[in-house]
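Structure below is model-v3.txt: compact mmCIF, C-alpha atoms.
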# COMPACT_ATOMS: atom_id res chain seq x y z
CA MET A 1 0.00 0.00 0.00
CA LEU A 2 2.85 2.39 0.82
CA LEU A 3 4.52 1.57 -2.50
CA LYS A 4 1.27 2.26 -4.38
CA SER A 5 0.84 5.57 -2.53
CA LEU A 6 4.39 6.62 -3.39
CA TYR A 7 3.86 5.60 -7.00
CA ASN A 8 0.67 7.71 -7.19
CA LYS A 9 2.59 10.72 -5.78
CA PHE A 10 5.28 10.08 -8.40
CA LEU A 11 2.66 9.96 -11.18
CA GLN A 12 1.26 13.36 -10.20
CA ASN A 13 4.45 14.95 -11.49
CA TRP A 14 4.32 13.19 -14.86
CA SER A 15 2.41 13.94 -18.01
CA ASN A 16 -1.23 13.14 -18.57
CA THR A 17 -0.17 10.56 -21.16
CA THR A 18 1.85 8.72 -18.51
CA ARG A 19 -1.07 8.78 -16.07
CA GLU A 20 -3.40 7.48 -18.82
CA LYS A 21 -0.98 4.64 -19.59
CA TYR A 22 -0.83 3.77 -15.89
CA ALA A 23 -4.63 3.78 -15.59
CA ARG A 24 -4.99 1.45 -18.56
CA ALA A 25 -2.14 -0.78 -17.33
CA VAL A 26 -3.87 -1.38 -13.99
CA GLY A 27 -7.16 -2.14 -15.74
CA VAL A 28 -9.19 1.08 -15.75
CA GLN A 29 -11.42 1.25 -18.82
CA LEU A 30 -10.49 4.73 -19.97
CA GLY A 31 -11.96 6.65 -22.89
CA GLU A 32 -10.29 9.20 -25.14
CA ASN A 33 -9.40 12.83 -24.50
CA CYS A 34 -9.37 12.53 -20.70
CA ARG A 35 -7.37 14.53 -18.17
CA LEU A 36 -6.21 12.56 -15.15
CA TYR A 37 -4.68 14.49 -12.27
CA SER A 38 -5.32 11.64 -9.85
CA THR A 39 -4.56 7.95 -10.22
CA ASN A 40 -5.98 6.68 -6.94
CA PHE A 41 -8.03 3.77 -8.31
CA SER A 42 -8.02 1.63 -5.15
CA SER A 43 -7.62 -2.13 -5.14
CA GLU A 44 -10.06 -2.93 -8.00
CA PRO A 45 -9.12 -0.55 -10.82
CA TYR A 46 -10.47 -3.07 -13.35
CA LEU A 47 -13.99 -2.23 -12.07
CA ILE A 48 -13.70 1.46 -13.01
CA TYR A 49 -15.01 2.82 -16.31
CA ILE A 50 -14.22 6.40 -17.31
CA GLY A 51 -15.77 7.60 -20.58
CA ASN A 52 -14.51 10.10 -23.15
CA HIS A 53 -13.62 13.72 -22.35
CA VAL A 54 -13.57 13.29 -18.57
CA THR A 55 -11.46 15.28 -16.11
CA ILE A 56 -10.43 13.63 -12.86
CA THR A 57 -8.81 16.37 -10.75
CA GLY A 58 -6.22 16.00 -8.00
CA GLY A 59 -6.97 13.96 -4.92
CA VAL A 60 -10.00 12.13 -6.36
CA GLN A 61 -10.38 8.63 -4.91
CA PHE A 62 -12.25 5.72 -6.45
CA ILE A 63 -13.39 3.14 -3.91
CA PRO A 64 -15.19 0.21 -5.56
CA HIS A 65 -15.42 -1.77 -2.31
CA ALA A 66 -16.82 -1.29 1.18
CA GLY A 67 -13.91 -1.60 3.59
CA GLY A 68 -16.23 -1.18 6.57
CA LEU A 69 -17.10 -4.87 6.32
CA TRP A 70 -13.92 -5.41 8.28
CA VAL A 71 -15.89 -4.99 11.52
CA LEU A 72 -18.05 -7.97 10.46
CA ARG A 73 -15.12 -10.13 9.33
CA GLU A 74 -15.30 -12.55 12.29
CA GLU A 75 -19.03 -13.11 11.81
CA PHE A 76 -18.85 -13.19 7.99
CA PRO A 77 -15.28 -14.16 7.07
CA GLN A 78 -15.97 -14.29 3.32
CA ALA A 79 -18.08 -11.13 3.05
CA ASP A 80 -17.14 -8.48 0.51
CA TYR A 81 -19.12 -5.65 -1.06
CA ILE A 82 -17.56 -4.78 -4.40
CA ARG A 83 -19.31 -2.92 -7.23
CA PRO A 84 -18.17 -1.18 -10.45
CA ILE A 85 -17.93 2.59 -10.75
CA ILE A 86 -19.04 4.09 -14.08
CA ILE A 87 -18.37 7.66 -15.17
CA PHE A 88 -19.94 8.47 -18.52
CA ASP A 89 -18.68 10.92 -21.18
CA ASN A 90 -18.00 14.61 -20.66
CA CYS A 91 -17.77 14.79 -16.86
CA PHE A 92 -15.68 16.83 -14.46
CA ILE A 93 -14.85 15.36 -11.04
CA GLY A 94 -13.69 18.08 -8.62
CA SER A 95 -10.64 17.94 -6.37
CA ASN A 96 -10.58 15.53 -3.44
CA SER A 97 -13.92 13.95 -4.30
CA ILE A 98 -14.56 10.37 -3.24
CA ILE A 99 -16.48 8.04 -5.54
CA LEU A 100 -17.99 5.05 -3.73
CA PRO A 101 -18.97 1.62 -5.10
CA GLY A 102 -21.84 0.66 -7.36
CA LEU A 103 -22.80 3.97 -8.87
CA THR A 104 -22.88 5.82 -12.15
CA ILE A 105 -22.20 9.43 -12.93
CA GLY A 106 -24.25 10.38 -15.97
CA PRO A 107 -22.87 12.16 -19.02
CA ASN A 108 -22.36 15.94 -18.96
CA THR A 109 -22.04 16.11 -15.19
CA VAL A 110 -19.97 18.22 -12.82
CA ILE A 111 -19.08 16.91 -9.36
CA GLY A 112 -18.02 19.72 -7.00
CA ALA A 113 -14.73 19.66 -5.11
CA GLY A 114 -14.70 17.63 -1.90
CA SER A 115 -17.88 15.74 -2.69
CA VAL A 116 -18.56 12.23 -1.48
CA VAL A 117 -20.59 10.49 -4.19
CA THR A 118 -22.65 7.78 -2.47
CA LYS A 119 -25.46 7.42 -5.03
CA SER A 120 -25.71 7.60 -8.82
CA ILE A 121 -25.88 11.10 -10.29
CA PRO A 122 -28.11 11.66 -13.36
CA ALA A 123 -26.97 13.09 -16.69
CA ASP A 124 -26.71 16.86 -17.23
CA SER A 125 -26.31 17.62 -13.52
CA VAL A 126 -24.15 19.53 -11.12
CA ALA A 127 -23.76 17.70 -7.82
CA ALA A 128 -21.83 18.60 -4.69
CA GLY A 129 -21.65 17.96 -0.97
CA VAL A 130 -21.27 15.23 1.60
CA PRO A 131 -23.09 13.19 0.54
CA ALA A 132 -23.23 14.59 -2.99
CA LYS A 133 -26.64 15.81 -4.10
CA VAL A 134 -27.78 17.36 -7.35
CA ILE A 135 -27.72 21.12 -6.82
CA SER A 136 -28.32 22.31 -10.38
CA THR A 137 -28.86 21.22 -13.93
CA LEU A 138 -26.02 21.73 -16.37
CA ASP A 139 -28.21 24.22 -18.29
CA LYS A 140 -28.77 26.38 -15.18
CA TYR A 141 -25.06 26.18 -14.36
CA GLN A 142 -24.21 27.35 -17.88
CA SER A 143 -26.78 30.16 -17.81
CA ARG A 144 -25.23 31.59 -14.62
CA ILE A 145 -21.91 32.07 -16.36
CA ASP A 146 -21.88 35.38 -18.16
CA GLU A 147 -19.78 35.17 -21.33
CA GLU A 148 -18.06 38.42 -20.34
CA GLN A 149 -16.78 36.77 -17.15
CA LEU A 150 -15.08 33.89 -18.94
CA PHE A 151 -11.31 33.90 -19.13
CA HIS A 152 -10.33 31.63 -21.98
CA HIS A 153 -7.03 29.79 -22.13
CA ILE A 154 -4.37 32.40 -22.67
CA PRO A 155 -0.62 32.48 -21.89
CA SER A 156 0.19 32.92 -18.18
CA LYS A 157 1.60 36.45 -18.37
CA GLU A 158 -1.37 37.75 -20.37
CA LYS A 159 -3.75 35.88 -18.11
CA LYS A 160 -2.26 37.50 -14.99
CA GLU A 161 -2.56 40.97 -16.51
CA LEU A 162 -6.14 40.35 -17.64
CA LEU A 163 -7.27 38.93 -14.29
CA LEU A 164 -5.64 41.68 -12.25
CA SER A 165 -7.21 44.35 -14.46
CA TYR A 166 -10.62 42.66 -14.10
CA PHE A 167 -10.51 41.89 -10.35
CA GLY A 168 -8.04 44.55 -9.20
CA SER A 169 -4.96 43.85 -7.15
CA SER A 170 -6.05 44.53 -3.57
CA LEU A 171 -8.24 42.66 -1.12
CA GLU A 172 -10.74 45.52 -1.13
CA GLU A 173 -11.05 45.42 -4.94
CA TRP A 174 -11.50 41.63 -4.89
CA LEU A 175 -14.25 41.83 -2.26
CA ALA A 176 -16.06 44.56 -4.22
CA LYS A 177 -15.84 42.55 -7.47
CA ILE A 178 -17.06 39.35 -5.78
CA ASP A 179 -20.02 41.29 -4.30
CA GLU A 180 -20.77 42.73 -7.75
CA LEU A 181 -20.66 39.30 -9.40
CA ASP A 182 -22.80 37.71 -6.66
CA LYS A 183 -25.41 40.46 -7.11
CA GLN A 184 -25.44 39.89 -10.88
CA GLN A 185 -25.96 36.16 -10.35
CA SER A 186 -28.78 36.64 -7.87
CA ASP A 187 -30.45 39.16 -10.20
CA ASN A 188 -30.26 36.60 -13.04
CA ALA A 189 -31.53 33.69 -10.92
Mind converting the file's structure to structure tokens?
Amino acid sequence: MLLKSLYNKFLQNWSNTTREKYARAVGVQLGENCRLYSTNFSSEPYLIYIGNHVTITGGVQFIPHAGGLWVLREEFPQADYIRPIIIFDNCFIGSNSIILPGLTIGPNTVIGAGSVVTKSIPADSVAAGVPAKVISTLDKYQSRIDEEQLFHHIPSKEKKELLLSYFGSSLEEWLAKIDELDKQQSDNA
């Protein structure tokens, strides 16, 4: 277990291609055009399916088994609860989320950072929390994002200049801008 943990830390510093190769080598069924920032696939990686165009951010854990059965081991020495985990196409799994056994995450779904997914999440959803619950549809999530507030992929130096001109450079300016953006969102809700 220590060796696997060290190897996962090592993989975090390597390219996405290397992490994809590792995932496939341990048995994860991995689609195309994915971004893997975490390779913590637990002890049954061959029971994990990740579709096309999926992002798995840092610290995400896949747990296809229920380790809590340990407390029943003397009474039920052969008991195990192991189920596949299925993530369909075009999903984003936020940092440090935990995905538990026997569930599906539908296509076009966002899972918020730090969520614990204990039940299947339907398609076209945004889910977050402990336990994760659907908090929005993907359409509502998209409608809350004003095109003028999007910062598209640009080189780092230009990005810094653009963001600092938009948000300002002081705490007071940031707080004022956040208040302004929150007001715009509540007015549009």
| remark: Min atom-atom distance to Gly27 of chain A from the set A:Ile99, A:Leu47, A:Ile56, A:Leu181, counting only C-alpha atoms, belongs to A:Leu47
| query | Using all atoms listed in the file, which residue out of A:Tyr81, A:Thr137, A:Ser115, A:Arg144 lies closest to Gln185 of chain A? | reply |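 Of A:Tyr81, A:Thr137, A:Ser115, A:Arg144, the one nearest Gln185 of chain A is A:Arg144, counting all atoms listed in the file.
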| Nearest residue to Gly51 of chain A from the set A:Phe92, A:Tyr166, A:Tyr141, A:Phe76 (distances using all atoms listed in the file) |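 Checking each candidate against Gly51 of chain A, we get A:Phe92 as the closest.
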| field | Distance query Ile93 of chain A at most 8 Å, only C-alpha atoms, self and fewer than 3 positions along chain excluded, as a PyMOL selection string | value | chain A and resi 54-57+60+97+110-113
| task | Provide the atom CA of Ala132 of chain A to atom CA of Thr118 of chain A distance in Å, to one decimal place. | result |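 One can read the atom CA of Ala132 of chain A to atom CA of Thr118 of chain A distance as 6.9 Å.
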| message | What's the separation between atom CA of Ser143 of chain A and atom CA of Glu32 of chain A, in Å to one decimal place? | response | 27.7 Å
| Interatomic distance (Å, one decimal) between atom CA of Asn52 of chain A and atom CA of Thr109 of chain A |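 If I compute the distance from atom CA of Asn52 of chain A to atom CA of Thr109 of chain A, I get 12.5 Å.
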| task | In the coordinates of the file, take the point (-24.3, 10.3, -19.7) and a cut-off of 8 Å; then, counting only C-alpha atoms, name each qualifying protein, DNA or RNA residue as a ChimeraX atom specification. | result | /A:87-90,105-109,122-124
| query | Nearest to Lys119 of chain A among A:Lys140, A:Lys160, A:Lys133, A:Arg73, with distances taken over all atoms listed in the file: which residue is it? | reply |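 Under the stated criterion, the closest residue is A:Lys133.
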